Amino acid sequence: MNRFRLSDATIDVGTERNALDHAAAGACVGFEGWVRNHNDGRAVLQLGYQAYAPLAEREGEAILAEAMARFRLREARCIHRVGLLAIGDLAVWVGVSADHRDAAFEACRWIIDEVKRRVPIWKNEHYADGESGWLHPDNTPAGI
Amino acid sequence: MNRFRLSDATIDVGTERNALDHAAAGACVGFEGWVRNHNDGRAVLQLGYQAYAPLAEREGEAILAEAMARFRLREARCIHRVGLLAIGDLAVWVGVSADHRDAAFEACRWIIDEVKRRVPIWKNEHYADGESGWLHPDNTPAGI
Amino acid sequence: MNYRLLYFASLADRAGCASEDRDSDAPTPRELYAEIAKIHDFAFTATRLRVAVNGALVDWGHRLAEGDEVVFLPPVSGG
Amino acid sequence: MNYRLLYFASLADRAGCASEDRDSDAPTPRELYAEIAKIHDFAFTATRLRVAVNGALVDWGHRLAEGDEVVFLPPVSGG
């Protein structure tokens, strides 16, 4: 089952969401992460995403399997872009369907949180002042 | 500002979501309510939605204005179908964009909850056993 | 006074019509509903309904005027 | 033993390469990172990293084998 994938091409949400269709599903929640023109007070011009692909796909697939087991879902999907992206581009899409909206909202939120926390993908921000830098948020207790 | 509307034709989410685009927005959350093939243990064949249109539009517009004020959003939209719908049809769509995903998830959930609670729209379920009936969930303390 | 009444969902089924004009001495929606509920045998108590006059929600004690459009709203089920 | 090392994000910038083959006596990722961090002047302490061997996450005490692909993963920033 391939519920997660990396993509180096534009994500077509209209096509992808068809995978969520189910006659018993009454609720579908979708999350789109877009490239913003600002971060932490700095103007951003574009973004680069790099992934350790084999592990990213394994971790992404594991997250979606966990979501299917934890929540009462009919289907769940996630696609994450890699490569260079412009402002407004879709960087990540999560879509879930469920009989009821409680499960759909909770699962969609849980999936994007886990993807951001666990999947080996890194963001390189290119700033308006000419600098660029890899983002490495510190989620561990120990500092550098 | 028209952020809410009733529609007697199919909702084209791909087109509608363009209204949410904003260069400063990093998160977009969408909710789709689909016609399910079951409710409360009974098989459903199709649905009819009836609205008291002038008040539905006024209430819907008020809910979206409240959402814009309560949450840190860039944009918010909602479209609700009226008329006869088949299984799998999109009955209601809510879309919001925000700088951060916390606000986007919370606002999208809040809007669909308020729409279901306040907007004068009624659902007539047509069951497989030939019966049909208007749904009037009881949200008030006093019984019939 | 003459009022225009609109009915939706099960109230329209029970009334057998989507709208009607009625002469009534009821000064507020409260009295008007009591009168109408008897005529059409509506099962809902007023506590389960909301009421709108001329397209806006009002209190049950709202003073009605000649020609008002009055709608008794059963519990909604959109979404 | 010979290991294949892959570098990502700021570790690739610091190492000046995306991958390299290295001979090392380090029996586990813990010892291997200490050795590599010194060579490339990596600023991250191991506590801020995760480690993968042959495409799967492992503990820092995992026993390495000849030819293993070892990746030290800096904190991720997808989404």
# chains A, B, ... in the order shown; residues from 1 in each chain; ligands from 1
$ residues_around --residues "A:Glu114" --least-positions-apart "5" --cutoff "10 Å" --atoms "only C-alpha atoms" --output "list of chain:residue names"
A:Glu59, A:Gly60, A:Ile63, A:Leu64, A:Ala67, A:Arg109, A:Val119, D:Gly79
$ closest_atom_pairs --of "stretch 62-124 of chain A" --to "stretch 8-23 of chain D" --cutoff "12 Å" --atoms "only C-alpha atoms" --output "Markdown table"
| residue | atom | partner | partner_atom | distance |
| --- | --- | --- | --- | --- |
| A:Pro120 | CA | D:Phe8 | CA | 9.2 |
| A:Ile121 | CA | D:Ala9 | CA | 8.8 |
| A:Trp122 | CA | D:Ala9 | CA | 6.2 |
| A:Lys123 | CA | D:Ala9 | CA | 7.9 |
| A:Asn124 | CA | D:Ala9 | CA | 7.7 |
$ write_last_selection --atoms "C-alpha atoms" --output "PDB file, in the first residue's frame"
ATOM      1  CA  PRO A 120      13.736  13.012   7.149  1.00  0.00           C
ATOM      2  CA  ILE A 121      13.093  16.052   4.978  1.00  0.00           C
ATOM      3  CA  TRP A 122      14.967  19.336   5.349  1.00  0.00           C
ATOM      4  CA  LYS A 123      14.037  22.837   4.277  1.00  0.00           C
ATOM      5  CA  ASN A 124      16.529  25.342   2.911  1.00  0.00           C
TER       6      ASN A 124
END
$ select_by_dssp --residues "stretch 26-127 of chain A" --states "strand (DSSP E or B)" --output "PyMOL selection string"
chain A and resi 27-34+38-39+42-51+73-81+83-86+90-98+121-127
$ atom_distance --atom1 "atom CA of B:Cys108" --atom2 "atom CA of B:Gln46"
26.1 Å
$ residues_around --residues "A:Cys28" --least-positions-apart "4" --cutoff "6 Å" --atoms "only C-alpha atoms" --output "PyMOL selection string"
(chain A and resi 96-97) or (chain B and resi 31-32)
$ write_last_selection --atoms "N, CA, C and O atoms" --output "tab-separated table (two decimals), in the first residue's frame"
chain	number	residue	atom	x	y	z
A	96	VAL	N	-7.55	12.97	4.33
A	96	VAL	CA	-8.14	11.79	4.97
A	96	VAL	C	-9.65	11.80	4.76
A	96	VAL	O	-10.26	12.86	4.63
A	97	SER	N	-10.24	10.61	4.73
A	97	SER	CA	-11.70	10.51	4.70
A	97	SER	C	-12.14	9.59	5.83
A	97	SER	O	-11.41	8.68	6.24
B	31	PHE	N	-12.47	21.31	4.55
B	31	PHE	CA	-13.39	20.25	4.98
B	31	PHE	C	-14.41	20.02	3.88
B	31	PHE	O	-14.96	20.97	3.32
B	32	GLU	N	-14.64	18.74	3.55
B	32	GLU	CA	-15.69	18.39	2.61
B	32	GLU	C	-16.67	17.45	3.29
B	32	GLU	O	-16.27	16.43	3.85
$ residues_around --residues "stretch 69-72 of chain C" --least-positions-apart "3" --cutoff "9 Å" --atoms "only C-alpha atoms" --output "list in words"
Tyr52 of chain B; Tyr3, Arg4, Leu5, Leu6, Tyr7, Phe8, Leu11, Pro29, Tyr33, Ala46, Leu49, Arg50, Val51, Ala52, Val53, Asn54, Gly55 and Leu64 of chain C
$ residues_around --residues "A:Arg42" --least-positions-apart "4" --cutoff "12 Å" --atoms "only C-alpha atoms" --output "MDAnalysis selection string"
(chainID A and resid 36:38 125:133) or (chainID B and resid 24)
$ select_by_dssp --residues "stretch 43-121 of chain A" --states "alpha helix (DSSP H)" --output "count of residues only"
36
$ interface_residues --of "chain A" --to "chain C" --cutoff "12 Å" --atoms "only C-alpha atoms" --output "PDB file with N, CA and C atoms, in the first residue's frame"
ATOM      1  N   GLY A  26     -18.386  10.316   5.190  1.00  0.00           N
ATOM      2  CA  GLY A  26     -19.176  11.542   5.206  1.00  0.00           C
ATOM      3  C   GLY A  26     -18.324  12.781   5.385  1.00  0.00           C
ATOM      4  N   ALA A  27     -17.028  12.589   5.673  1.00  0.00           N
ATOM      5  CA  ALA A  27     -16.158  13.730   5.965  1.00  0.00           C
ATOM      6  C   ALA A  27     -14.791  13.535   5.334  1.00  0.00           C
ATOM      7  N   HIS A 100     -17.110  10.147  10.051  1.00  0.00           N
ATOM      8  CA  HIS A 100     -17.471  11.324  10.841  1.00  0.00           C
ATOM      9  C   HIS A 100     -16.337  12.343  10.885  1.00  0.00           C
ATOM     10  N   ARG A 101     -16.690  13.605  11.082  1.00  0.00           N
ATOM     11  CA  ARG A 101     -15.683  14.653  10.967  1.00  0.00           C
ATOM     12  C   ARG A 101     -14.707  14.704  12.139  1.00  0.00           C
TER      13      ARG A 101
END
$ calpha_fit_and_write --fixed "chain B" --moving "chain A" --output "compact mmCIF listing (two decimals) with N, CA and C atoms, in the first residue's frame"
# COMPACT_ATOMS: atom_id res chain seq x y z
N MET A 1 -18.72 41.61 1.10
CA MET A 1 -17.86 40.40 1.03
C MET A 1 -18.74 39.16 1.03
N ASN A 2 -18.61 38.33 0.02
CA ASN A 2 -19.37 37.08 0.01
C ASN A 2 -18.46 35.90 0.28
N ARG A 3 -18.44 35.48 1.53
CA ARG A 3 -17.61 34.32 1.91
C ARG A 3 -18.44 33.05 1.97
N PHE A 4 -19.74 33.20 2.12
CA PHE A 4 -20.64 32.04 2.20
C PHE A 4 -21.62 32.11 1.05
N ARG A 5 -21.92 30.95 0.48
CA ARG A 5 -23.03 30.94 -0.47
C ARG A 5 -23.68 29.57 -0.57
N LEU A 6 -24.95 29.59 -0.97
CA LEU A 6 -25.69 28.38 -1.28
C LEU A 6 -25.49 28.10 -2.76
N SER A 7 -25.51 26.82 -3.14
CA SER A 7 -25.35 26.50 -4.55
C SER A 7 -26.26 25.35 -4.93
N ASP A 8 -26.96 25.49 -6.06
CA ASP A 8 -27.79 24.38 -6.52
C ASP A 8 -27.04 23.56 -7.58
N ALA A 9 -25.77 23.88 -7.79
CA ALA A 9 -24.95 23.13 -8.75
C ALA A 9 -23.72 22.55 -8.03
N THR A 10 -23.11 21.54 -8.63
CA THR A 10 -21.90 20.90 -8.11
C THR A 10 -20.86 21.94 -7.68
N ILE A 11 -20.24 21.72 -6.53
CA ILE A 11 -19.19 22.61 -6.03
C ILE A 11 -17.85 22.17 -6.62
N ASP A 12 -17.16 23.10 -7.28
CA ASP A 12 -15.86 22.78 -7.86
C ASP A 12 -14.76 23.26 -6.91
N VAL A 13 -14.30 22.34 -6.04
CA VAL A 13 -13.34 22.70 -4.99
C VAL A 13 -12.06 23.28 -5.59
N GLY A 14 -11.62 22.70 -6.71
CA GLY A 14 -10.38 23.16 -7.34
C GLY A 14 -10.43 24.64 -7.68
N THR A 15 -11.59 25.11 -8.14
CA THR A 15 -11.75 26.53 -8.47
C THR A 15 -11.95 27.36 -7.21
N GLU A 16 -12.79 26.87 -6.31
CA GLU A 16 -13.15 27.65 -5.11
C GLU A 16 -11.94 27.93 -4.23
N ARG A 17 -11.03 26.95 -4.11
CA ARG A 17 -9.93 27.13 -3.18
C ARG A 17 -8.96 28.23 -3.62
N ASN A 18 -9.02 28.64 -4.88
CA ASN A 18 -8.17 29.76 -5.32
C ASN A 18 -8.44 31.03 -4.52
N ALA A 19 -9.66 31.15 -4.01
CA ALA A 19 -10.01 32.33 -3.21
C ALA A 19 -9.21 32.39 -1.91
N LEU A 20 -8.59 31.27 -1.53
CA LEU A 20 -7.85 31.20 -0.26
C LEU A 20 -6.39 31.59 -0.41
N ASP A 21 -5.91 31.68 -1.65
CA ASP A 21 -4.49 31.96 -1.89
C ASP A 21 -4.06 33.27 -1.24
N HIS A 22 -2.88 33.24 -0.62
CA HIS A 22 -2.31 34.44 -0.03
C HIS A 22 -0.82 34.16 0.17
N ALA A 23 0.02 35.08 -0.28
CA ALA A 23 1.47 34.84 -0.24
C ALA A 23 2.00 34.67 1.18
N ALA A 24 1.28 35.19 2.15
CA ALA A 24 1.74 35.08 3.55
C ALA A 24 1.20 33.83 4.24
N ALA A 25 0.30 33.11 3.56
CA ALA A 25 -0.34 31.93 4.17
C ALA A 25 0.54 30.70 3.99
N GLY A 26 0.73 29.95 5.08
CA GLY A 26 1.52 28.72 5.02
C GLY A 26 0.68 27.48 5.20
N ALA A 27 -0.61 27.66 5.55
CA ALA A 27 -1.46 26.51 5.84
C ALA A 27 -2.85 26.72 5.28
N CYS A 28 -3.38 25.67 4.69
CA CYS A 28 -4.74 25.72 4.16
C CYS A 28 -5.42 24.42 4.61
N VAL A 29 -6.57 24.56 5.27
CA VAL A 29 -7.31 23.37 5.69
C VAL A 29 -8.68 23.41 5.04
N GLY A 30 -9.06 22.28 4.45
CA GLY A 30 -10.35 22.18 3.79
C GLY A 30 -11.18 21.05 4.38
N PHE A 31 -12.48 21.30 4.54
CA PHE A 31 -13.40 20.25 4.97
C PHE A 31 -14.42 20.02 3.87
N GLU A 32 -14.65 18.74 3.55
CA GLU A 32 -15.70 18.39 2.60
C GLU A 32 -16.68 17.45 3.29
N GLY A 33 -17.94 17.81 3.27
CA GLY A 33 -18.99 16.92 3.77
C GLY A 33 -19.60 16.20 2.59
N TRP A 34 -19.48 14.86 2.60
CA TRP A 34 -19.98 14.06 1.49
C TRP A 34 -21.27 13.34 1.90
N VAL A 35 -22.12 13.06 0.91
CA VAL A 35 -23.33 12.28 1.18
C VAL A 35 -22.92 10.82 1.38
N ARG A 36 -23.20 10.31 2.60
CA ARG A 36 -22.86 8.93 2.94
C ARG A 36 -23.97 7.98 2.55
N ASN A 37 -23.62 6.72 2.38
CA ASN A 37 -24.62 5.71 2.03
C ASN A 37 -25.31 5.12 3.27
N HIS A 38 -25.07 5.71 4.44
CA HIS A 38 -25.68 5.18 5.66
C HIS A 38 -25.82 6.29 6.68
N ASN A 39 -26.81 6.18 7.56
CA ASN A 39 -26.93 7.08 8.70
C ASN A 39 -27.70 6.37 9.79
N ASP A 40 -27.11 6.35 10.99
CA ASP A 40 -27.81 5.78 12.12
C ASP A 40 -28.23 4.34 11.83
N GLY A 41 -27.40 3.62 11.08
CA GLY A 41 -27.68 2.21 10.81
C GLY A 41 -28.63 1.95 9.64
N ARG A 42 -29.11 3.02 8.99
CA ARG A 42 -30.01 2.80 7.86
C ARG A 42 -29.31 3.12 6.54
N ALA A 43 -29.61 2.32 5.49
CA ALA A 43 -29.02 2.55 4.17
C ALA A 43 -29.70 3.76 3.52
N VAL A 44 -28.88 4.68 3.04
CA VAL A 44 -29.39 5.92 2.42
C VAL A 44 -29.11 5.88 0.92
N LEU A 45 -30.12 6.28 0.12
CA LEU A 45 -29.98 6.27 -1.34
C LEU A 45 -29.64 7.64 -1.89
N GLN A 46 -30.26 8.68 -1.33
CA GLN A 46 -29.98 10.06 -1.76
C GLN A 46 -30.46 11.01 -0.69
N LEU A 47 -30.12 12.29 -0.86
CA LEU A 47 -30.45 13.32 0.13
C LEU A 47 -31.05 14.52 -0.58
N GLY A 48 -31.97 15.19 0.09
CA GLY A 48 -32.43 16.49 -0.39
C GLY A 48 -32.12 17.55 0.65
N TYR A 49 -31.55 18.69 0.22
CA TYR A 49 -31.30 19.81 1.14
C TYR A 49 -32.21 20.96 0.79
N GLN A 50 -32.87 21.50 1.82
CA GLN A 50 -33.72 22.67 1.65
C GLN A 50 -33.17 23.77 2.55
N ALA A 51 -33.19 25.00 2.05
CA ALA A 51 -32.68 26.12 2.86
C ALA A 51 -33.69 27.26 2.87
N TYR A 52 -33.71 28.01 3.97
CA TYR A 52 -34.40 29.30 3.98
C TYR A 52 -33.32 30.28 3.55
N ALA A 53 -33.25 30.51 2.23
CA ALA A 53 -32.08 31.12 1.60
C ALA A 53 -31.65 32.48 2.18
N PRO A 54 -32.56 33.45 2.33
CA PRO A 54 -32.08 34.77 2.78
C PRO A 54 -31.41 34.70 4.15
N LEU A 55 -32.01 33.93 5.06
CA LEU A 55 -31.45 33.82 6.41
C LEU A 55 -30.21 32.92 6.41
N ALA A 56 -30.22 31.87 5.59
CA ALA A 56 -29.06 30.98 5.52
C ALA A 56 -27.83 31.77 5.06
N GLU A 57 -28.02 32.62 4.07
CA GLU A 57 -26.89 33.41 3.58
C GLU A 57 -26.43 34.44 4.62
N ARG A 58 -27.38 35.02 5.32
CA ARG A 58 -27.03 35.99 6.36
C ARG A 58 -26.28 35.29 7.51
N GLU A 59 -26.79 34.17 7.96
CA GLU A 59 -26.15 33.45 9.06
C GLU A 59 -24.78 32.91 8.64
N GLY A 60 -24.71 32.35 7.43
CA GLY A 60 -23.44 31.83 6.93
C GLY A 60 -22.38 32.93 6.85
N GLU A 61 -22.78 34.07 6.32
CA GLU A 61 -21.87 35.21 6.21
C GLU A 61 -21.41 35.68 7.61
N ALA A 62 -22.34 35.66 8.56
CA ALA A 62 -22.00 36.08 9.93
C ALA A 62 -21.00 35.11 10.55
N ILE A 63 -21.18 33.81 10.32
CA ILE A 63 -20.26 32.80 10.85
C ILE A 63 -18.85 33.03 10.31
N LEU A 64 -18.73 33.28 9.00
CA LEU A 64 -17.40 33.46 8.41
C LEU A 64 -16.76 34.77 8.87
N ALA A 65 -17.57 35.80 9.06
CA ALA A 65 -17.02 37.06 9.60
C ALA A 65 -16.53 36.85 11.04
N GLU A 66 -17.28 36.09 11.82
CA GLU A 66 -16.86 35.78 13.19
C GLU A 66 -15.56 34.98 13.17
N ALA A 67 -15.46 34.02 12.26
CA ALA A 67 -14.23 33.21 12.17
C ALA A 67 -13.02 34.08 11.83
N MET A 68 -13.20 35.01 10.90
CA MET A 68 -12.09 35.91 10.53
C MET A 68 -11.64 36.75 11.74
N ALA A 69 -12.59 37.08 12.61
CA ALA A 69 -12.26 37.91 13.78
C ALA A 69 -11.67 37.07 14.92
N ARG A 70 -12.16 35.82 15.08
CA ARG A 70 -11.72 34.97 16.20
C ARG A 70 -10.37 34.33 15.99
N PHE A 71 -10.05 33.99 14.72
CA PHE A 71 -8.83 33.22 14.43
C PHE A 71 -7.90 34.05 13.54
N ARG A 72 -6.61 33.73 13.57
CA ARG A 72 -5.64 34.48 12.74
C ARG A 72 -5.63 33.87 11.34
N LEU A 73 -6.62 34.27 10.54
CA LEU A 73 -6.79 33.71 9.20
C LEU A 73 -6.41 34.73 8.13
N ARG A 74 -6.10 34.22 6.95
CA ARG A 74 -5.94 35.09 5.79
C ARG A 74 -7.24 35.13 4.99
N GLU A 75 -7.91 33.97 4.88
CA GLU A 75 -9.19 33.93 4.16
C GLU A 75 -10.00 32.73 4.62
N ALA A 76 -11.31 32.78 4.37
CA ALA A 76 -12.21 31.68 4.73
C ALA A 76 -13.40 31.69 3.79
N ARG A 77 -13.85 30.50 3.41
CA ARG A 77 -14.98 30.37 2.49
C ARG A 77 -15.82 29.15 2.86
N CYS A 78 -17.12 29.22 2.55
CA CYS A 78 -17.99 28.06 2.72
C CYS A 78 -19.07 28.08 1.66
N ILE A 79 -19.33 26.90 1.09
CA ILE A 79 -20.41 26.75 0.12
C ILE A 79 -21.24 25.54 0.54
N HIS A 80 -22.56 25.71 0.56
CA HIS A 80 -23.46 24.60 0.94
C HIS A 80 -24.41 24.32 -0.22
N ARG A 81 -24.53 23.06 -0.57
CA ARG A 81 -25.46 22.66 -1.63
C ARG A 81 -26.90 22.70 -1.16
N VAL A 82 -27.81 22.96 -2.09
CA VAL A 82 -29.23 22.74 -1.88
C VAL A 82 -29.71 21.86 -3.05
N GLY A 83 -30.89 21.23 -2.87
CA GLY A 83 -31.43 20.36 -3.91
C GLY A 83 -31.13 18.90 -3.63
N LEU A 84 -31.28 18.08 -4.68
CA LEU A 84 -31.15 16.64 -4.53
C LEU A 84 -29.71 16.19 -4.78
N LEU A 85 -29.16 15.39 -3.86
CA LEU A 85 -27.77 14.93 -3.99
C LEU A 85 -27.69 13.41 -3.92
N ALA A 86 -26.72 12.86 -4.65
CA ALA A 86 -26.50 11.40 -4.67
C ALA A 86 -25.37 11.03 -3.72
N ILE A 87 -25.25 9.74 -3.41
CA ILE A 87 -24.16 9.24 -2.56
C ILE A 87 -22.82 9.69 -3.15
N GLY A 88 -21.95 10.19 -2.29
CA GLY A 88 -20.63 10.62 -2.73
C GLY A 88 -20.57 12.08 -3.15
N ASP A 89 -21.74 12.70 -3.36
CA ASP A 89 -21.75 14.12 -3.75
C ASP A 89 -21.24 14.99 -2.60
N LEU A 90 -20.63 16.10 -2.98
CA LEU A 90 -20.15 17.07 -2.00
C LEU A 90 -21.31 17.95 -1.56
N ALA A 91 -21.65 17.89 -0.27
CA ALA A 91 -22.80 18.65 0.26
C ALA A 91 -22.37 20.00 0.80
N VAL A 92 -21.17 20.05 1.41
CA VAL A 92 -20.70 21.31 1.98
C VAL A 92 -19.18 21.35 1.93
N TRP A 93 -18.65 22.51 1.63
CA TRP A 93 -17.19 22.71 1.60
C TRP A 93 -16.83 23.91 2.45
N VAL A 94 -15.81 23.74 3.29
CA VAL A 94 -15.24 24.85 4.07
C VAL A 94 -13.75 24.90 3.76
N GLY A 95 -13.24 26.07 3.47
CA GLY A 95 -11.81 26.21 3.24
C GLY A 95 -11.28 27.45 3.93
N VAL A 96 -10.13 27.31 4.61
CA VAL A 96 -9.52 28.47 5.27
C VAL A 96 -8.02 28.47 4.99
N SER A 97 -7.43 29.66 4.97
CA SER A 97 -5.97 29.77 4.88
C SER A 97 -5.48 30.65 6.02
N ALA A 98 -4.26 30.36 6.48
CA ALA A 98 -3.69 31.06 7.63
C ALA A 98 -2.18 30.96 7.55
N ASP A 99 -1.50 31.82 8.30
CA ASP A 99 -0.04 31.73 8.34
C ASP A 99 0.39 30.41 8.96
N HIS A 100 -0.33 29.97 9.99
CA HIS A 100 0.06 28.77 10.73
C HIS A 100 -1.07 27.74 10.79
N ARG A 101 -0.70 26.48 10.93
CA ARG A 101 -1.72 25.43 10.83
C ARG A 101 -2.64 25.34 12.04
N ASP A 102 -2.17 25.76 13.23
CA ASP A 102 -3.05 25.74 14.40
C ASP A 102 -4.35 26.48 14.11
N ALA A 103 -4.22 27.72 13.67
CA ALA A 103 -5.40 28.56 13.40
C ALA A 103 -6.23 27.96 12.27
N ALA A 104 -5.58 27.42 11.25
CA ALA A 104 -6.31 26.88 10.10
C ALA A 104 -7.17 25.69 10.51
N PHE A 105 -6.61 24.76 11.29
CA PHE A 105 -7.39 23.59 11.73
C PHE A 105 -8.53 24.01 12.65
N GLU A 106 -8.21 24.87 13.63
CA GLU A 106 -9.25 25.28 14.59
C GLU A 106 -10.40 26.01 13.91
N ALA A 107 -10.06 26.92 13.02
CA ALA A 107 -11.09 27.73 12.36
C ALA A 107 -11.96 26.87 11.45
N CYS A 108 -11.34 25.97 10.70
CA CYS A 108 -12.11 25.13 9.78
C CYS A 108 -13.11 24.29 10.56
N ARG A 109 -12.66 23.72 11.66
CA ARG A 109 -13.54 22.90 12.49
C ARG A 109 -14.66 23.75 13.10
N TRP A 110 -14.30 24.93 13.58
CA TRP A 110 -15.29 25.81 14.20
C TRP A 110 -16.36 26.22 13.18
N ILE A 111 -15.94 26.54 11.97
CA ILE A 111 -16.90 26.99 10.95
C ILE A 111 -17.90 25.88 10.62
N ILE A 112 -17.43 24.67 10.37
CA ILE A 112 -18.40 23.62 10.00
C ILE A 112 -19.33 23.31 11.17
N ASP A 113 -18.81 23.37 12.40
CA ASP A 113 -19.67 23.14 13.56
C ASP A 113 -20.76 24.21 13.65
N GLU A 114 -20.38 25.47 13.46
CA GLU A 114 -21.35 26.57 13.54
C GLU A 114 -22.36 26.50 12.40
N VAL A 115 -21.89 26.16 11.20
CA VAL A 115 -22.80 26.05 10.05
C VAL A 115 -23.85 24.99 10.34
N LYS A 116 -23.42 23.86 10.86
CA LYS A 116 -24.37 22.78 11.17
C LYS A 116 -25.33 23.16 12.30
N ARG A 117 -24.89 24.00 13.20
CA ARG A 117 -25.67 24.37 14.36
C ARG A 117 -26.66 25.50 14.06
N ARG A 118 -26.26 26.44 13.20
CA ARG A 118 -27.02 27.69 13.08
C ARG A 118 -27.69 27.95 11.74
N VAL A 119 -27.11 27.48 10.65
CA VAL A 119 -27.62 27.90 9.33
C VAL A 119 -28.90 27.13 9.00
N PRO A 120 -29.99 27.83 8.63
CA PRO A 120 -31.27 27.16 8.36
C PRO A 120 -31.28 26.37 7.06
N ILE A 121 -30.75 25.15 7.18
CA ILE A 121 -30.73 24.19 6.07
C ILE A 121 -31.20 22.87 6.67
N TRP A 122 -32.04 22.16 5.93
CA TRP A 122 -32.59 20.89 6.42
C TRP A 122 -32.33 19.79 5.42
N LYS A 123 -32.08 18.61 5.98
CA LYS A 123 -31.70 17.43 5.20
C LYS A 123 -32.86 16.44 5.19
N ASN A 124 -33.21 15.98 4.01
CA ASN A 124 -34.26 14.96 3.87
C ASN A 124 -33.59 13.69 3.36
N GLU A 125 -33.55 12.66 4.20
CA GLU A 125 -32.89 11.41 3.80
C GLU A 125 -33.87 10.45 3.14
N HIS A 126 -33.47 9.90 2.01
CA HIS A 126 -34.28 8.91 1.30
C HIS A 126 -33.64 7.55 1.54
N TYR A 127 -34.37 6.69 2.25
CA TYR A 127 -33.80 5.41 2.67
C TYR A 127 -34.07 4.31 1.66
N ALA A 128 -33.23 3.26 1.77
CA ALA A 128 -33.34 2.11 0.87
C ALA A 128 -34.68 1.40 1.04
N ASP A 129 -35.31 1.51 2.23
CA ASP A 129 -36.58 0.81 2.46
C ASP A 129 -37.78 1.59 1.92
N GLY A 130 -37.51 2.70 1.19
CA GLY A 130 -38.59 3.45 0.58
C GLY A 130 -39.07 4.63 1.39
N GLU A 131 -38.74 4.65 2.69
CA GLU A 131 -39.14 5.78 3.52
C GLU A 131 -38.23 6.98 3.26
N SER A 132 -38.70 8.13 3.69
CA SER A 132 -37.82 9.30 3.70
C SER A 132 -38.23 10.15 4.88
N GLY A 133 -37.33 11.02 5.30
CA GLY A 133 -37.68 11.83 6.47
C GLY A 133 -36.75 13.01 6.65
N TRP A 134 -37.32 14.10 7.14
CA TRP A 134 -36.52 15.28 7.49
C TRP A 134 -35.80 15.03 8.79
N LEU A 135 -34.53 15.42 8.84
CA LEU A 135 -33.77 15.27 10.07
C LEU A 135 -33.87 16.57 10.88
N HIS A 136 -34.25 16.41 12.15
CA HIS A 136 -34.34 17.56 13.05
C HIS A 136 -33.64 17.23 14.35
N PRO A 137 -32.31 17.23 14.33
CA PRO A 137 -31.61 16.89 15.57
C PRO A 137 -32.03 17.85 16.67
N ASP A 138 -32.14 17.33 17.85
CA ASP A 138 -32.60 18.14 18.97
C ASP A 138 -31.42 18.73 19.72
N ASN A 139 -31.18 20.01 19.52
CA ASN A 139 -30.07 20.67 20.21
C ASN A 139 -30.54 21.51 21.38
N THR A 140 -31.82 21.43 21.69
CA THR A 140 -32.35 22.25 22.77
C THR A 140 -32.64 21.36 23.97
N PRO A 141 -32.63 21.94 25.18
CA PRO A 141 -32.86 21.13 26.38
C PRO A 141 -34.27 20.54 26.42
N ALA A 142 -35.26 21.28 25.91
CA ALA A 142 -36.63 20.80 26.02
C ALA A 142 -36.96 19.78 24.94
N GLY A 143 -37.62 18.68 25.33
CA GLY A 143 -38.01 17.66 24.36
C GLY A 143 -39.29 18.05 23.66
N ILE A 144 -39.74 17.24 22.74
CA ILE A 144 -40.95 17.54 21.96
C ILE A 144 -42.19 17.32 22.82
$ atom_distance --atom1 "atom CA of D:Pro75" --atom2 "atom CA of D:Asn2"
26.0 Å
$ closest_residue --among "C:Gly61, C:Arg48, C:Ala43, C:Ala56" --to "C:Thr28" --atoms "only C-alpha atoms"
C:Gly61
